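*Asks:* This one is input.pdb, PDB, C-alpha atoms.
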ATOM      1  CA  MET A   1      12.929  -2.784 -23.180  1.00  0.00           C
ATOM      2  CA  SER A   2       9.561  -1.039 -22.974  1.00  0.00           C
ATOM      3  CA  ASP A   3       7.934   0.475 -19.908  1.00  0.00           C
ATOM      4  CA  HIS A   4       4.629  -0.959 -21.069  1.00  0.00           C
ATOM      5  CA  LEU A   5       5.381  -4.653 -20.767  1.00  0.00           C
ATOM      6  CA  THR A   6       2.548  -6.790 -19.496  1.00  0.00           C
ATOM      7  CA  ILE A   7       2.387 -10.163 -17.803  1.00  0.00           C
ATOM      8  CA  ALA A   8       1.353 -11.555 -21.193  1.00  0.00           C
ATOM      9  CA  ASP A   9       4.578 -10.197 -22.743  1.00  0.00           C
ATOM     10  CA  ILE A  10       6.694 -11.770 -20.003  1.00  0.00           C
ATOM     11  CA  ALA A  11       4.786 -15.050 -20.380  1.00  0.00           C
ATOM     12  CA  ARG A  12       5.417 -15.093 -24.140  1.00  0.00           C
ATOM     13  CA  LEU A  13       9.135 -14.388 -23.697  1.00  0.00           C
ATOM     14  CA  ALA A  14       9.485 -17.002 -20.932  1.00  0.00           C
ATOM     15  CA  GLU A  15       7.305 -19.481 -22.852  1.00  0.00           C
ATOM     16  CA  VAL A  16       4.856 -19.934 -19.984  1.00  0.00           C
ATOM     17  CA  SER A  17       1.280 -18.881 -19.298  1.00  0.00           C
ATOM     18  CA  PRO A  18       0.369 -15.473 -17.849  1.00  0.00           C
ATOM     19  CA  ALA A  19      -1.012 -17.308 -14.815  1.00  0.00           C
ATOM     20  CA  THR A  20       2.417 -18.859 -14.241  1.00  0.00           C
ATOM     21  CA  VAL A  21       4.076 -15.426 -14.401  1.00  0.00           C
ATOM     22  CA  SER A  22       1.534 -14.161 -11.884  1.00  0.00           C
ATOM     23  CA  ARG A  23       2.270 -17.067  -9.544  1.00  0.00           C
ATOM     24  CA  VAL A  24       6.022 -16.389  -9.813  1.00  0.00           C
ATOM     25  CA  ILE A  25       5.567 -12.676  -9.063  1.00  0.00           C
ATOM     26  CA  ASN A  26       3.340 -13.456  -6.080  1.00  0.00           C
ATOM     27  CA  GLY A  27       5.770 -16.009  -4.647  1.00  0.00           C
ATOM     28  CA  GLN A  28       3.530 -19.006  -5.230  1.00  0.00           C
ATOM     29  CA  ILE A  29       6.165 -21.046  -7.088  1.00  0.00           C
ATOM     30  CA  GLY A  30       9.114 -22.546  -5.202  1.00  0.00           C
ATOM     31  CA  ALA A  31      12.522 -20.882  -5.366  1.00  0.00           C
ATOM     32  CA  ARG A  32      14.187 -23.945  -6.922  1.00  0.00           C
ATOM     33  CA  SER A  33      11.733 -24.230  -9.790  1.00  0.00           C
ATOM     34  CA  LYS A  34      13.297 -23.995 -13.249  1.00  0.00           C
ATOM     35  CA  ILE A  35      10.152 -22.226 -14.446  1.00  0.00           C
ATOM     36  CA  LYS A  36      10.552 -19.582 -11.751  1.00  0.00           C
ATOM     37  CA  GLN A  37      14.201 -19.099 -12.691  1.00  0.00           C
ATOM     38  CA  ARG A  38      13.269 -18.671 -16.364  1.00  0.00           C
ATOM     39  CA  VAL A  39      10.504 -16.174 -15.602  1.00  0.00           C
ATOM     40  CA  MET A  40      12.729 -14.220 -13.200  1.00  0.00           C
ATOM     41  CA  GLN A  41      15.484 -14.095 -15.819  1.00  0.00           C
ATOM     42  CA  VAL A  42      13.070 -12.604 -18.370  1.00  0.00           C
ATOM     43  CA  ILE A  43      11.810 -10.119 -15.777  1.00  0.00           C
ATOM     44  CA  GLU A  44      15.380  -9.080 -14.977  1.00  0.00           C
ATOM     45  CA  GLU A  45      16.447  -8.846 -18.625  1.00  0.00           C
ATOM     46  CA  THR A  46      13.439  -6.740 -19.610  1.00  0.00           C
ATOM     47  CA  GLY A  47      13.296  -4.603 -16.473  1.00  0.00           C
ATOM     48  CA  TYR A  48       9.625  -5.512 -16.104  1.00  0.00           C
ATOM     49  CA  GLN A  49       7.833  -3.873 -13.171  1.00  0.00           C
ATOM     50  CA  PRO A  50       4.421  -5.260 -12.158  1.00  0.00           C
ATOM     51  CA  ASN A  51       1.582  -2.772 -12.380  1.00  0.00           C
ATOM     52  CA  SER A  52       0.928  -1.841  -8.747  1.00  0.00           C
ATOM     53  CA  VAL A  53      -2.644  -0.741  -9.483  1.00  0.00           C
ATOM     54  CA  ALA A  54      -3.424  -4.088 -11.111  1.00  0.00           C
ATOM     55  CA  GLN A  55      -1.825  -5.935  -8.199  1.00  0.00           C
ATOM     56  CA  THR A  56      -3.884  -3.935  -5.719  1.00  0.00           C
ATOM     57  CA  LEU A  57      -7.063  -4.800  -7.586  1.00  0.00           C
ATOM     58  CA  ALA A  58      -6.202  -8.471  -7.978  1.00  0.00           C
ATOM     59  CA  LEU A  59      -4.927  -9.039  -4.453  1.00  0.00           C
ATOM     60  CA  GLN A  60      -7.301  -6.601  -2.698  1.00  0.00           C
ATOM     61  CA  ARG A  61      -4.220  -5.234  -0.906  1.00  0.00           C
ATOM     62  CA  SER A  62      -2.641  -1.830  -1.340  1.00  0.00           C
ATOM     63  CA  SER A  63       0.473  -2.252   0.860  1.00  0.00           C
ATOM     64  CA  LEU A  64      -0.424   1.171   2.271  1.00  0.00           C
ATOM     65  CA  ILE A  65      -0.898   2.119   5.912  1.00  0.00           C
ATOM     66  CA  GLY A  66      -2.667   5.408   6.587  1.00  0.00           C
ATOM     67  CA  LEU A  67      -1.735   7.772   9.403  1.00  0.00           C
ATOM     68  CA  ILE A  68      -4.246  10.523  10.231  1.00  0.00           C
ATOM     69  CA  PHE A  69      -3.379  13.619  12.276  1.00  0.00           C
ATOM     70  CA  PRO A  70      -5.906  16.396  12.945  1.00  0.00           C
ATOM     71  CA  ASN A  71      -3.360  19.154  12.376  1.00  0.00           C
ATOM     72  CA  SER A  72      -1.847  21.415   9.745  1.00  0.00           C
ATOM     73  CA  VAL A  73       1.427  20.607   7.997  1.00  0.00           C
ATOM     74  CA  SER A  74       3.302  23.333   9.883  1.00  0.00           C
ATOM     75  CA  SER A  75       1.982  22.050  13.209  1.00  0.00           C
ATOM     76  CA  VAL A  76       2.923  18.434  12.465  1.00  0.00           C
ATOM     77  CA  LEU A  77       6.401  19.318  11.220  1.00  0.00           C
ATOM     78  CA  SER A  78       7.175  21.592  14.181  1.00  0.00           C
ATOM     79  CA  GLN A  79       6.191  19.260  17.028  1.00  0.00           C
ATOM     80  CA  GLN A  80       8.475  16.447  18.203  1.00  0.00           C
ATOM     81  CA  TYR A  81       5.529  14.171  19.056  1.00  0.00           C
ATOM     82  CA  TYR A  82       4.367  14.089  15.443  1.00  0.00           C
ATOM     83  CA  ILE A  83       7.876  13.845  13.978  1.00  0.00           C
ATOM     84  CA  LYS A  84       8.773  10.896  16.240  1.00  0.00           C
ATOM     85  CA  THR A  85       5.448   9.187  15.529  1.00  0.00           C
ATOM     86  CA  ILE A  86       5.927   9.506  11.766  1.00  0.00           C
ATOM     87  CA  GLU A  87       9.521   8.232  12.028  1.00  0.00           C
ATOM     88  CA  SER A  88       8.481   5.213  14.117  1.00  0.00           C
ATOM     89  CA  VAL A  89       5.515   4.286  11.944  1.00  0.00           C
ATOM     90  CA  THR A  90       7.616   4.686   8.781  1.00  0.00           C
ATOM     91  CA  LEU A  91      10.289   2.383  10.194  1.00  0.00           C
ATOM     92  CA  ALA A  92       7.702  -0.266  11.095  1.00  0.00           C
ATOM     93  CA  CYS A  93       6.079   0.031   7.666  1.00  0.00           C
ATOM     94  CA  ASN A  94       9.428  -0.357   5.908  1.00  0.00           C
ATOM     95  CA  GLN A  95      10.262  -3.445   7.967  1.00  0.00           C
ATOM     96  CA  HIS A  96       7.016  -5.089   6.848  1.00  0.00           C
ATOM     97  CA  ASN A  97       6.968  -3.956   3.189  1.00  0.00           C
ATOM     98  CA  TYR A  98       4.290  -1.322   3.607  1.00  0.00           C
ATOM     99  CA  ASN A  99       4.283   2.314   2.560  1.00  0.00           C
ATOM    100  CA  LEU A 100       2.991   5.103   4.749  1.00  0.00           C
ATOM    101  CA  VAL A 101       0.362   7.580   3.611  1.00  0.00           C
ATOM    102  CA  LEU A 102       0.001  10.668   5.789  1.00  0.00           C
ATOM    103  CA  PHE A 103      -3.370  12.427   5.999  1.00  0.00           C
ATOM    104  CA  LEU A 104      -3.600  15.834   7.662  1.00  0.00           C
ATOM    105  CA  SER A 105      -6.870  17.542   8.422  1.00  0.00           C
ATOM    106  CA  GLN A 106      -7.413  21.001   9.822  1.00  0.00           C
ATOM    107  CA  SER A 107     -11.191  20.871  10.131  1.00  0.00           C
ATOM    108  CA  ALA A 108     -14.146  18.542  10.489  1.00  0.00           C
ATOM    109  CA  ALA A 109     -14.839  19.043   6.766  1.00  0.00           C
ATOM    110  CA  ASP A 110     -11.278  17.944   5.906  1.00  0.00           C
ATOM    111  CA  GLU A 111     -11.723  14.843   8.065  1.00  0.00           C
ATOM    112  CA  GLU A 112     -14.979  13.991   6.286  1.00  0.00           C
ATOM    113  CA  LYS A 113     -13.088  13.961   2.984  1.00  0.00           C
ATOM    114  CA  VAL A 114     -10.269  11.858   4.421  1.00  0.00           C
ATOM    115  CA  PHE A 115     -12.637   9.334   5.998  1.00  0.00           C
ATOM    116  CA  ALA A 116     -14.560   9.004   2.738  1.00  0.00           C
ATOM    117  CA  LYS A 117     -11.316   8.173   0.923  1.00  0.00           C
ATOM    118  CA  VAL A 118      -9.762   5.809   3.452  1.00  0.00           C
ATOM    119  CA  SER A 119     -12.944   3.804   3.904  1.00  0.00           C
ATOM    120  CA  ARG A 120     -13.001   2.750   0.236  1.00  0.00           C
ATOM    121  CA  PRO A 121     -12.278  -0.963  -0.124  1.00  0.00           C
ATOM    122  CA  GLY A 122      -8.677  -1.635  -1.141  1.00  0.00           C
ATOM    123  CA  MET A 123      -7.497   1.909  -0.399  1.00  0.00           C
ATOM    124  CA  LEU A 124      -5.544   1.032   2.763  1.00  0.00           C
ATOM    125  CA  ASP A 125      -4.431  -2.169   4.449  1.00  0.00           C
ATOM    126  CA  GLY A 126      -4.507  -0.489   7.849  1.00  0.00           C
ATOM    127  CA  LEU A 127      -5.093   2.833   9.542  1.00  0.00           C
ATOM    128  CA  ILE A 128      -3.552   4.640  12.496  1.00  0.00           C
ATOM    129  CA  ALA A 129      -5.622   7.586  13.687  1.00  0.00           C
ATOM    130  CA  ASN A 130      -4.757  10.164  16.314  1.00  0.00           C
ATOM    131  CA  VAL A 131      -7.479  10.125  18.958  1.00  0.00           C
ATOM    132  CA  GLY A 132      -7.734  13.899  18.719  1.00  0.00           C
ATOM    133  CA  CYS A 133      -9.606  13.618  15.419  1.00  0.00           C
ATOM    134  CA  LEU A 134     -12.582  15.941  15.363  1.00  0.00           C
ATOM    135  CA  ASN A 135     -14.836  13.241  13.914  1.00  0.00           C
ATOM    136  CA  GLY A 136     -13.246  10.294  15.716  1.00  0.00           C
ATOM    137  CA  ASP A 137     -16.656   8.884  16.637  1.00  0.00           C
ATOM    138  CA  ARG A 138     -17.451   8.609  12.909  1.00  0.00           C
ATOM    139  CA  LEU A 139     -14.148   6.894  12.115  1.00  0.00           C
ATOM    140  CA  ILE A 140     -14.858   3.571  13.799  1.00  0.00           C
ATOM    141  CA  PRO A 141     -18.097   2.720  11.911  1.00  0.00           C
ATOM    142  CA  LEU A 142     -16.565   3.718   8.556  1.00  0.00           C
ATOM    143  CA  VAL A 143     -13.455   1.655   9.155  1.00  0.00           C
ATOM    144  CA  LYS A 144     -15.449  -1.314  10.471  1.00  0.00           C
ATOM    145  CA  GLU A 145     -17.650  -1.231   7.380  1.00  0.00           C
ATOM    146  CA  ALA A 146     -14.567  -1.173   5.114  1.00  0.00           C
ATOM    147  CA  LYS A 147     -12.982  -3.967   7.204  1.00  0.00           C
ATOM    148  CA  ILE A 148      -9.748  -2.032   7.669  1.00  0.00           C
ATOM    149  CA  PRO A 149      -7.599  -2.838  10.722  1.00  0.00           C
ATOM    150  CA  VAL A 150      -7.353   0.336  12.802  1.00  0.00           C
ATOM    151  CA  VAL A 151      -5.321   1.650  15.723  1.00  0.00           C
ATOM    152  CA  LEU A 152      -6.594   4.701  17.562  1.00  0.00           C
TER     153      LEU A 152
END
Turn the structure described in the file into structure tokens.

*Replies:*
Amino acid sequence: MSDHLTIADIARLAEVSPATVSRVINGQIGARSKIKQRVMQVIEETGYQPNSVAQTLALQRSSLIGLIFPNSVSSVLSQQYYIKTIESVTLACNQHNYNLVLFLSQSAADEEKVFAKVSRPGMLDGLIANVGCLNGDRLIPLVKEAKIPVVL
């Protein structure tokens, strides 16, 4: 069908309310429910994909974990420490249905921009920062204010 289907479209086709579709998508209706089966059948038949931006706004969760390294791309990709760290964090993220966002900064000014972005509410669900960050002392207050779990 169309790439622009909404929850309201799925609700109409499944003959339920949009709120019911939302509850099905978010796993709030039991697996044995006939309503859930009907909604899931419509979703499968139409190829409906929930709008990830709308879900992030509604749930206040992005399913993104940020990883900050104070290095250039060539430096990160040429050093085993960084490669192994990225591999390990990616594996853990995948196991827990998160996606990894990698931030690289080559200067204090770059870090300022990164910190401003990652401290926005809803941007990240967690943050892993290399302790070598040039502005590491500024990271903790920004992250605490945004209420983002952080590992340094």

*Asks:* Which value, in Å to one decimal, gives the distance between CA of Gln41 in chain A and CA of Leu64 in chain A?

*Replies:*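 So the answer is 28.5 Å.
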
*Asks:* Between CA of Gln106 in chain A and CA of Ser88 in chain A, what is the distance in Å, rounded to a tenth?

*Replies:*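 According to the coordinates, CA of Gln106 in chain A and CA of Ser88 in chain A are separated by 22.8 Å.
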
*Asks:* Would you kindly return, as a list in words, each protein, DNA or RNA residue with an atom no farther than 8 Å from any atom of Ile128 in chain A, considering all atoms listed in the file and excluding same-chain residues fewer than 3 positions away?

*Replies:*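 Here the answer would be Ile65, Gly66, Leu67, Ile68, Val150, Val151 and Leu152 of chain A.
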
*Asks:* What do you get, as a ChimeraX atom specification, if you spell out every residue that the PyMOL selection byres ((chain A and resi 33-40) around 9) selects here?

*Replies:* /A:10-11,13-16,20-21,23-25,29-32,41-45

*Asks:* Starting from the shown file, work through the PyMOL selection byres ((chain A and resi 121) around 9) and note down what comes out as a CSV table (one decimal) with C-alpha atoms, in the frame of the given file.

*Replies:*
chain,number,residue,atom,x,y,z
A,60,GLN,CA,-7.3,-6.6,-2.7
A,118,VAL,CA,-9.8,5.8,3.5
A,119,SER,CA,-12.9,3.8,3.9
A,120,ARG,CA,-13.0,2.8,0.2
A,122,GLY,CA,-8.7,-1.6,-1.1
A,123,MET,CA,-7.5,1.9,-0.4
A,124,LEU,CA,-5.5,1.0,2.8
A,146,ALA,CA,-14.6,-1.2,5.1
A,147,LYS,CA,-13.0,-4.0,7.2
A,148,ILE,CA,-9.7,-2.0,7.7
